[in-house]
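Okay, entry_3.cif now, which holds mmCIF, C-alpha atoms:
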```cif
data_work
loop_
_atom_site.label_atom_id
_atom_site.label_comp_id
_atom_site.auth_asym_id
_atom_site.auth_seq_id
_atom_site.Cartn_x
_atom_site.Cartn_y
_atom_site.Cartn_z
CA MET A 1 0.00 0.00 0.00
CA THR A 2 1.21 3.49 -0.85
CA ARG A 3 0.96 6.66 1.20
CA ILE A 4 -0.93 9.34 -0.70
CA ILE A 5 -0.71 13.13 -0.44
CA LEU A 6 -3.39 15.22 -2.08
CA VAL A 7 -2.45 18.86 -2.62
CA THR A 8 -4.50 21.73 -4.00
CA ASN A 9 -2.47 24.57 -5.53
CA ALA A 10 -4.80 27.52 -6.22
CA SER A 11 -1.98 29.39 -7.95
CA HIS A 12 -3.96 32.38 -9.25
CA ASP A 13 -2.19 35.33 -7.63
CA ALA A 14 1.22 36.25 -6.22
CA PRO A 15 0.83 34.66 -2.76
CA THR A 16 -0.66 31.40 -4.05
CA GLU A 17 1.91 31.23 -6.88
CA TYR A 18 4.65 31.48 -4.25
CA LEU A 19 3.00 28.63 -2.28
CA ASP A 20 2.83 26.54 -5.45
CA SER A 21 6.46 27.21 -6.38
CA TRP A 22 7.75 26.35 -2.92
CA PHE A 23 5.63 23.20 -2.73
CA GLY A 24 7.81 21.97 -5.61
CA LYS A 25 10.46 21.22 -2.98
CA ILE A 26 8.10 18.76 -1.33
CA VAL A 27 7.21 17.23 -4.69
CA ASP A 28 10.96 16.64 -5.23
CA LEU A 29 11.23 15.05 -1.79
CA VAL A 30 8.32 12.73 -2.49
CA LYS A 31 9.86 11.68 -5.82
CA ASN A 32 12.67 10.12 -3.79
CA SER A 33 10.24 8.25 -1.56
CA LYS A 34 9.20 4.95 -3.14
CA ASP A 35 6.17 4.41 -0.91
CA THR A 36 4.58 7.84 -1.38
CA LYS A 37 2.38 9.11 -4.18
CA ILE A 38 1.39 12.74 -4.65
CA VAL A 39 -1.76 13.86 -6.43
CA GLU A 40 -1.69 17.53 -7.38
CA LEU A 41 -4.76 19.58 -8.21
CA ASN A 42 -3.16 22.59 -9.83
CA LYS A 43 -4.81 25.84 -10.90
CA GLU A 44 -8.20 25.14 -12.60
CA LYS A 45 -8.17 21.60 -11.21
CA ALA A 46 -8.14 23.00 -7.67
CA ASN A 47 -11.94 22.97 -7.52
CA ARG A 48 -14.51 21.33 -5.28
CA GLU A 49 -15.60 18.69 -7.79
CA MET A 50 -12.06 17.43 -8.40
CA LEU A 51 -11.23 17.52 -4.68
CA THR A 52 -14.27 15.40 -3.84
CA LYS A 53 -13.54 12.96 -6.68
CA ILE A 54 -9.88 12.46 -5.72
CA ILE A 55 -10.63 12.05 -2.01
CA GLU A 56 -13.28 9.44 -2.76
CA GLU A 57 -11.19 7.57 -5.33
CA GLU A 58 -7.68 7.79 -3.84
CA ASN A 59 -8.42 8.11 -0.10
CA PRO A 60 -5.29 10.20 0.65
CA GLN A 61 -3.97 10.09 4.22
CA LEU A 62 -2.57 13.65 4.01
CA VAL A 63 -4.39 16.61 2.43
CA VAL A 64 -2.52 19.86 1.83
CA PHE A 65 -4.30 23.10 0.93
CA ASN A 66 -2.20 25.82 -0.70
CA GLY A 67 -4.72 28.58 -1.16
CA HIS A 68 -6.79 31.26 0.48
CA GLY A 69 -9.66 31.06 2.91
CA ASN A 70 -11.07 32.37 6.14
CA GLU A 71 -12.21 30.90 9.43
CA SER A 72 -14.99 28.90 7.75
CA ILE A 73 -13.72 28.06 4.27
CA ILE A 74 -10.70 26.89 2.29
CA THR A 75 -10.62 27.94 -1.35
CA GLY A 76 -8.95 26.77 -4.54
CA HIS A 77 -8.40 28.35 -7.94
CA ASN A 78 -10.08 31.74 -8.30
CA HIS A 79 -11.47 31.41 -4.77
CA ASP A 80 -13.68 28.41 -5.60
CA VAL A 81 -14.79 27.03 -2.22
CA LEU A 82 -13.23 23.60 -1.63
CA ILE A 83 -14.20 22.99 1.98
CA ARG A 84 -16.89 24.85 3.90
CA CYS A 85 -17.59 24.45 7.60
CA ASP A 86 -20.89 22.64 8.30
CA ASP A 87 -21.09 21.61 4.65
CA ASN A 88 -18.45 19.17 3.36
CA GLU A 89 -15.72 18.99 6.02
CA TYR A 90 -16.64 15.27 6.31
CA LEU A 91 -14.33 14.79 3.30
CA LEU A 92 -11.41 15.32 5.69
CA LYS A 93 -12.46 12.62 8.17
CA ASP A 94 -9.60 10.29 9.20
CA LYS A 95 -7.03 12.48 7.43
CA ILE A 96 -4.15 14.70 8.42
CA VAL A 97 -4.67 18.22 7.08
CA HIS A 98 -2.11 20.95 6.46
CA SER A 99 -3.76 24.23 5.50
CA MET A 100 -2.08 27.49 4.47
CA ALA A 101 -5.52 29.11 4.16
CA CYS A 102 -5.72 32.12 6.47
CA GLU A 103 -7.68 31.69 9.70
CA SER A 104 -8.83 28.18 8.73
CA ALA A 105 -7.59 26.79 12.06
CA LYS A 106 -9.89 29.12 13.95
CA LYS A 107 -13.30 27.55 13.25
CA LEU A 108 -13.01 25.05 10.38
CA GLY A 109 -10.03 23.24 11.96
CA PRO A 110 -11.76 22.52 15.28
CA LYS A 111 -14.90 21.43 13.39
CA CYS A 112 -12.82 18.99 11.34
CA ILE A 113 -11.35 17.51 14.53
CA GLU A 114 -14.85 17.20 15.95
CA ILE A 115 -15.98 15.07 12.98
CA GLY A 116 -12.89 12.83 12.96
CA THR A 117 -10.00 14.52 11.17
CA LYS A 118 -6.88 13.08 12.82
CA SER A 119 -4.94 16.31 12.98
CA PHE A 120 -5.13 19.80 11.48
CA ILE A 121 -2.06 22.02 11.15
CA GLY A 122 -2.88 25.57 10.12
CA TYR A 123 -3.18 29.22 11.11
CA LYS A 124 -5.72 30.90 13.42
CA GLU A 125 -5.06 34.32 11.91
CA LYS A 126 -4.06 35.74 8.52
CA PHE A 127 -0.87 34.25 7.07
CA ASN A 128 1.67 36.95 6.22
CA LEU A 129 4.09 36.62 3.34
CA VAL A 130 6.74 39.19 2.46
CA HIS A 131 8.48 38.72 -0.87
CA MET A 132 10.23 40.42 -3.77
CA ASN A 133 7.27 40.00 -6.15
CA GLN A 134 9.15 37.64 -8.43
CA LYS A 135 7.29 36.13 -11.36
CA SER A 136 8.91 32.86 -12.44
CA LYS A 137 8.98 29.68 -10.35
CA PHE A 138 12.78 29.74 -10.34
CA GLU A 139 12.88 33.33 -9.08
CA GLN A 140 10.22 32.66 -6.45
CA ILE A 141 12.04 29.61 -5.08
CA ASN A 142 15.21 31.68 -4.89
CA ASP A 143 13.50 34.68 -3.27
CA GLN A 144 15.60 35.16 -0.12
CA VAL A 145 12.88 37.16 1.63
CA ALA A 146 10.03 34.71 0.95
CA ARG A 147 12.32 31.95 2.21
CA PHE A 148 11.98 33.24 5.79
CA PHE A 149 8.22 32.70 5.61
CA LEU A 150 7.75 29.60 3.49
CA GLU A 151 10.55 27.35 4.71
CA PRO A 152 9.21 27.12 8.28
CA ALA A 153 5.63 26.77 7.08
CA TYR A 154 6.48 23.82 4.81
CA GLU A 155 8.88 22.27 7.29
CA ALA A 156 5.82 20.67 8.91
CA ILE A 157 4.91 18.87 5.67
CA ILE A 158 8.49 17.74 5.09
CA ALA A 159 8.56 16.33 8.64
CA LEU A 160 5.31 14.44 8.02
CA VAL A 161 6.67 12.93 4.80
CA GLU A 162 9.81 11.91 6.69
CA GLY A 163 7.70 10.04 9.25
CA SER A 164 7.28 12.48 12.13
CA THR A 165 4.05 12.64 14.09
CA THR A 166 1.93 15.74 13.63
CA GLY A 167 3.07 17.02 17.04
CA GLU A 168 6.72 16.56 16.06
CA ALA A 169 6.11 18.14 12.65
CA PHE A 170 4.52 21.16 14.30
CA ASP A 171 7.46 21.46 16.71
CA ARG A 172 9.96 21.32 13.82
CA SER A 173 8.07 24.06 12.03
CA GLN A 174 7.94 26.22 15.17
CA GLU A 175 11.67 25.75 15.74
CA MET A 176 12.41 26.91 12.21
CA TYR A 177 10.18 29.94 12.72
CA LYS A 178 12.23 30.80 15.80
CA GLU A 179 15.54 30.27 14.00
CA ASN A 180 14.43 32.58 11.18
CA LEU A 181 13.16 35.16 13.65
CA THR A 182 16.56 35.15 15.33
CA VAL A 183 18.27 35.71 11.98
CA LEU A 184 15.97 38.63 11.16
CA LEU A 185 16.41 40.22 14.58
CA THR A 186 20.18 39.93 14.65
CA SER A 187 21.13 40.41 11.00
CA ASN A 188 23.40 43.25 9.93
CA ASN A 189 21.65 43.22 6.56
CA THR A 190 19.50 46.34 6.55
CA GLU A 191 17.08 44.66 4.13
CA TYR A 192 16.07 42.38 7.02
CA ASN A 193 14.35 45.10 9.03
CA THR A 194 12.31 44.05 12.05
CA VAL A 195 9.13 44.76 10.08
CA LEU A 196 9.83 41.42 8.42
CA ALA A 197 10.30 39.89 11.87
CA SER A 198 6.93 41.24 12.98
CA ARG A 199 5.20 39.49 10.05
CA LEU A 200 7.04 36.25 10.76
CA PHE A 201 6.31 36.46 14.48
CA HIS A 202 2.61 36.73 13.63
CA ASN A 203 2.73 33.48 11.61
CA TYR A 204 4.75 31.74 14.35
CA LYS A 205 2.35 32.81 17.07
CA HIS A 206 -0.81 31.83 15.23
CA GLN A 207 0.27 28.49 13.77
CA ILE A 208 -1.48 25.62 15.56
CA CYS A 209 -1.69 21.83 15.51
CA LEU A 210 -5.15 20.58 16.43
CA GLY A 211 -6.25 17.03 17.21
CA ASN A 212 -4.13 13.94 17.79
CA GLN A 213 -0.49 15.02 18.17
CA SER A 214 0.64 11.40 17.71
CA ALA A 215 -0.97 10.96 14.29
CA SER A 216 1.44 10.18 11.48
CA PHE A 217 1.29 10.08 7.71
CA SER A 218 1.35 6.33 7.40
CA LYS A 219 -0.12 3.71 5.09
CA MET B 1 -8.83 64.64 19.69
CA ASN B 2 -9.58 62.06 22.38
CA ASN B 3 -7.05 59.78 24.03
CA ASN B 4 -7.71 56.73 21.83
CA GLU B 5 -7.38 58.72 18.64
CA ASN B 6 -4.19 60.26 19.99
CA ILE B 7 -2.69 56.85 20.77
CA LEU B 8 -3.76 55.49 17.39
CA GLN B 9 -2.12 58.43 15.63
CA LYS B 10 1.13 57.84 17.51
CA GLU B 11 0.96 54.13 16.75
CA LYS B 12 0.37 54.87 13.11
CA GLU B 13 3.34 57.23 13.00
CA LEU B 14 5.53 54.60 14.63
CA VAL B 15 4.54 51.95 12.09
CA LEU B 16 5.02 54.38 9.19
CA ALA B 17 8.49 55.30 10.44
CA ARG B 18 9.42 51.61 10.58
CA LEU B 19 8.09 51.04 7.06
CA GLU B 20 9.85 54.01 5.50
CA VAL B 21 13.31 52.54 6.07
CA LEU B 22 12.42 49.31 4.27
CA SER B 23 13.42 48.52 0.73
CA PRO B 24 10.72 49.77 -1.69
CA ASP B 25 11.07 46.47 -3.56
CA LEU B 26 9.52 44.42 -0.77
CA HIS B 27 5.93 43.26 -1.24
CA PHE B 28 3.42 42.21 1.38
CA SER B 29 0.73 39.58 0.88
CA VAL B 30 -1.74 39.31 3.71
CA GLY B 31 -4.76 37.13 4.20
CA ALA B 32 -7.21 36.16 1.51
CA SER B 33 -6.45 39.20 -0.61
CA SER B 34 -5.02 38.47 -4.04
CA GLU B 35 -3.20 41.78 -3.89
CA SER B 36 0.47 42.08 -3.05
CA TYR B 37 1.28 45.53 -1.74
CA SER B 38 4.60 47.26 -2.20
CA ARG B 39 6.05 49.23 0.71
CA ASP B 40 4.64 52.49 -0.70
CA GLU B 41 1.23 50.92 -1.29
CA ILE B 42 1.12 49.72 2.33
CA ILE B 43 2.03 53.23 3.49
CA LYS B 44 -0.87 54.54 1.39
CA GLN B 45 -3.24 51.94 2.88
CA ILE B 46 -2.21 53.00 6.40
CA ASN B 47 -2.62 56.67 5.64
CA GLU B 48 -6.09 56.02 4.21
CA ASN B 49 -7.13 53.91 7.23
CA THR B 50 -8.17 50.96 5.08
CA GLU B 51 -8.72 47.48 6.55
CA VAL B 52 -5.37 46.38 5.08
CA GLY B 53 -3.64 49.34 6.68
CA LEU B 54 -5.28 48.82 10.07
CA ASP B 55 -4.43 45.09 9.98
CA PHE B 56 -0.83 46.00 9.22
CA ILE B 57 -0.68 48.30 12.24
CA LYS B 58 -2.26 45.60 14.43
CA VAL B 59 0.44 43.04 13.54
CA GLU B 60 3.21 45.60 14.12
CA LEU B 61 1.84 46.49 17.54
CA GLU B 62 1.45 42.80 18.44
CA PHE B 63 5.17 42.39 17.73
CA LEU B 64 6.29 45.55 19.55
CA ARG B 65 4.24 44.58 22.61
CA ALA B 66 5.83 41.11 22.54
CA ILE B 67 9.25 42.80 22.69
CA LYS B 68 8.11 45.00 25.55
CA ASP B 69 6.49 42.27 27.66
CA GLY B 70 9.36 39.84 27.05
CA SER B 71 7.26 37.15 25.33
CA LEU B 72 9.28 37.40 22.09
CA VAL B 73 12.58 36.87 23.91
CA SER B 74 11.07 34.05 25.99
CA SER B 75 9.97 32.30 22.79
CA LEU B 76 13.40 32.58 21.20
CA ALA B 77 15.21 31.56 24.36
CA THR B 78 13.82 28.04 24.06
CA ILE B 79 15.81 27.28 20.88
#
```
Output the structure of this file as structure tokens.
Amino acid sequence: MTRIILVTNASHDAPTEYLDSWFGKIVDLVKNSKDTKIVELNKEKANREMLTKIIEEENPQLVVFNGHGNESIITGHNHDVLIRCDDNEYLLKDKIVHSMACESAKKLGPKCIEIGTKSFIGYKEKFNLVHMNQKSKFEQINDQVARFFLEPAYEAIIALVEGSTTGEAFDRSQEMYKENLTVLLTSNNTEYNTVLASRLFHNYKHQICLGNQSASFSK
Amino acid sequence: MNNNENILQKEKELVLARLEVLSPDLHFSVGASSESYSRDEIIKQINENTEVGLDFIKVELEFLRAIKDGSLVSSLATI
């Protein structure tokens, strides 16, 4: 049996394009893992119909949302609603969820845990991303400002793929947030003003891991 | 001008001063907005008291208060 990750990449504006580009690092990691399959719903395919179909057909153990949202919804391409609280969160039952959608861990996350989602890693408040507004995937991956924000966020997913429990994955992500905060606060590089640190501190403070901290991305 | 407005004005000036020394090439993406705002666009949002501008001030103040009350240093000390 193979482990399956389902990821939705909304990829329709600068912040979601950055998320998509940086998720490529995880795709590369998974390529080296013989027991893991990744199903990507990119751009137009990041819609509710496709999400429902893939979850029902493939039964992924880990679902990753790279898109927008608010406390009650997670959206895909062009803000198409993928998951809505009190509507179709049942799709996430028995799964581990990693959501970059802003505020989705405030109301939707707890509701998912209530109906049987194993664990939900996400953000209770708006996710902040500072970047150099690069356009190509290559430039975005090499954006040294965006790196401070996206590396710690995705560290949790990398840890899950490597076999950590959700609690351990969350801790690894939090540690990387702290390391990056320390760099920003102590750097002699004037580009790394503490305004960047304030944005990063916000993400660090409002990231949360709900549900079973011992859950792991296993077959 | 009442006390709250006075404090808000001072807070706004503090955040603007911090922003003005940043590189103009930096862009900020916040929340569900598809917009990415340059430094100068964020300054404009703050000056016009938009939701984006007020949110920006809120996050800055959250950080500055964490420095003041020691919670930022406490967090980093556990590395």
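If you look at CA of Asn88 (chain A) and CA of Asn212 (chain A), they are 21.0 Å away from each other.
Candidate residues A:Thr166, A:Ser198, A:Gln134, A:Ser187 were compared for distance to Ser36 (chain B), and the nearest is A:Gln134, using all atoms listed in the file.
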Please report, as JSON lines, each residue of chain B lying at most 12 Å from chain A, together with the nearest pair of atoms and the separation in Å rounded to one decimal; use all atoms listed in the file, and order rows by chain and ascending residue number.
```
{"residue": "B:Leu14", "atom": "CA", "partner": "A:Val195", "partner_atom": "CA", "distance": 11.4}
{"residue": "B:Val15", "atom": "CA", "partner": "A:Val195", "partner_atom": "CA", "distance": 8.8}
{"residue": "B:Leu16", "atom": "CA", "partner": "A:Val195", "partner_atom": "CA", "distance": 10.5}
{"residue": "B:Ala17", "atom": "CA", "partner": "A:Val195", "partner_atom": "CA", "distance": 10.6}
{"residue": "B:Arg18", "atom": "CA", "partner": "A:Val195", "partner_atom": "CA", "distance": 6.9}
{"residue": "B:Leu19", "atom": "CA", "partner": "A:Val195", "partner_atom": "CA", "distance": 7.0}
{"residue": "B:Glu20", "atom": "CA", "partner": "A:Val195", "partner_atom": "CA", "distance": 10.3}
{"residue": "B:Val21", "atom": "CA", "partner": "A:Asn193", "partner_atom": "CA", "distance": 8.1}
{"residue": "B:Leu22", "atom": "CA", "partner": "A:Glu191", "partner_atom": "CA", "distance": 6.6}
{"residue": "B:Ser23", "atom": "CA", "partner": "A:Glu191", "partner_atom": "CA", "distance": 6.3}
{"residue": "B:Pro24", "atom": "CA", "partner": "A:Met132", "partner_atom": "CA", "distance": 9.6}
{"residue": "B:Asp25", "atom": "CA", "partner": "A:Met132", "partner_atom": "CA", "distance": 6.1}
{"residue": "B:Leu26", "atom": "CA", "partner": "A:Met132", "partner_atom": "CA", "distance": 5.1}
{"residue": "B:His27", "atom": "CA", "partner": "A:His131", "partner_atom": "CA", "distance": 5.2}
{"residue": "B:Phe28", "atom": "CA", "partner": "A:Val130", "partner_atom": "CA", "distance": 4.6}
{"residue": "B:Ser29", "atom": "CA", "partner": "A:Leu129", "partner_atom": "CA", "distance": 5.1}
{"residue": "B:Val30", "atom": "CA", "partner": "A:Asn128", "partner_atom": "CA", "distance": 4.8}
{"residue": "B:Gly31", "atom": "CA", "partner": "A:Lys126", "partner_atom": "CA", "distance": 4.6}
{"residue": "B:Ala32", "atom": "CA", "partner": "A:His68", "partner_atom": "CA", "distance": 5.0}
{"residue": "B:Ser33", "atom": "CA", "partner": "A:His68", "partner_atom": "CA", "distance": 8.0}
{"residue": "B:Ser34", "atom": "CA", "partner": "A:Asp13", "partner_atom": "CA", "distance": 5.5}
{"residue": "B:Glu35", "atom": "CA", "partner": "A:Ala14", "partner_atom": "CA", "distance": 7.5}
{"residue": "B:Ser36", "atom": "CA", "partner": "A:Ala14", "partner_atom": "CA", "distance": 6.7}
{"residue": "B:Tyr37", "atom": "CA", "partner": "A:Asn133", "partner_atom": "CA", "distance": 9.3}
{"residue": "B:Ser38", "atom": "CA", "partner": "A:Asn133", "partner_atom": "CA", "distance": 8.7}
{"residue": "B:Arg39", "atom": "CA", "partner": "A:Val130", "partner_atom": "CA", "distance": 10.2}
{"residue": "B:Ile42", "atom": "CA", "partner": "A:Val130", "partner_atom": "CA", "distance": 11.9}
{"residue": "B:Val52", "atom": "CA", "partner": "A:Lys126", "partner_atom": "CA", "distance": 11.3}
{"residue": "B:Asp55", "atom": "CA", "partner": "A:Lys126", "partner_atom": "CA", "distance": 9.5}
{"residue": "B:Phe56", "atom": "CA", "partner": "A:Arg199", "partner_atom": "CA", "distance": 8.9}
{"residue": "B:Ile57", "atom": "CA", "partner": "A:Ser198", "partner_atom": "CA", "distance": 10.4}
{"residue": "B:Lys58", "atom": "CA", "partner": "A:His202", "partner_atom": "CA", "distance": 10.2}
{"residue": "B:Val59", "atom": "CA", "partner": "A:His202", "partner_atom": "CA", "distance": 6.7}
{"residue": "B:Glu60", "atom": "CA", "partner": "A:Ser198", "partner_atom": "CA", "distance": 5.8}
{"residue": "B:Leu61", "atom": "CA", "partner": "A:Ser198", "partner_atom": "CA", "distance": 8.6}
{"residue": "B:Glu62", "atom": "CA", "partner": "A:His202", "partner_atom": "CA", "distance": 7.8}
{"residue": "B:Phe63", "atom": "CA", "partner": "A:Ser198", "partner_atom": "CA", "distance": 5.2}
{"residue": "B:Leu64", "atom": "CA", "partner": "A:Ser198", "partner_atom": "CA", "distance": 7.9}
{"residue": "B:Arg65", "atom": "CA", "partner": "A:Ser198", "partner_atom": "CA", "distance": 10.5}
{"residue": "B:Ala66", "atom": "CA", "partner": "A:Phe201", "partner_atom": "CA", "distance": 9.3}
{"residue": "B:Ile67", "atom": "CA", "partner": "A:Ser198", "partner_atom": "CA", "distance": 10.1}
{"residue": "B:Ser71", "atom": "CA", "partner": "A:Lys205", "partner_atom": "CA", "distance": 10.5}
{"residue": "B:Leu72", "atom": "CA", "partner": "A:Phe201", "partner_atom": "CA", "distance": 8.2}
{"residue": "B:Val73", "atom": "CA", "partner": "A:Thr182", "partner_atom": "CA", "distance": 9.6}
{"residue": "B:Ser74", "atom": "CA", "partner": "A:Lys178", "partner_atom": "CA", "distance": 10.8}
{"residue": "B:Ser75", "atom": "CA", "partner": "A:Lys178", "partner_atom": "CA", "distance": 7.5}
{"residue": "B:Leu76", "atom": "CA", "partner": "A:Lys178", "partner_atom": "CA", "distance": 5.8}
{"residue": "B:Ala77", "atom": "CA", "partner": "A:Lys178", "partner_atom": "CA", "distance": 9.1}
{"residue": "B:Thr78", "atom": "CA", "partner": "A:Lys178", "partner_atom": "CA", "distance": 8.9}
{"residue": "B:Ile79", "atom": "CA", "partner": "A:Glu175", "partner_atom": "CA", "distance": 6.8}
```
Using the chain letters and numbers from this file, what does the PyMOL selection byres ((chain A and resi 60) around 10) select? Give the answer as a ChimeraX atom specification. /A:2-7,37-39,54-59,61-63,92,94-96,217,219
Could you state the separation of CA of Phe65 (chain A) and CA of Val97 (chain A) in Å, given to one decimal place? 7.9 Å
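The smallest atom-to-atom distance between Ile158 (chain A) and any of A:Gly24, A:Gly122, A:Gly116, A:Gly109, using only C-alpha atoms, is found for A:Gly24.
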Shell of 12 Å around Ile113 (chain A), only C-alpha atoms, local chain residues under 4 positions omitted, as a ChimeraX atom specification: /A:85,89-97,105-109,117-121,209-213
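Here CA of Ser72 (chain A) and CA of Gly53 (chain B) stand 23.4 Å from one another.
When all atoms listed in the file are used to measure the gap to Glu17 (chain A), the shortest distance among A:Glu71, A:Asp87, A:Glu49, A:Glu139 belongs to A:Glu139.
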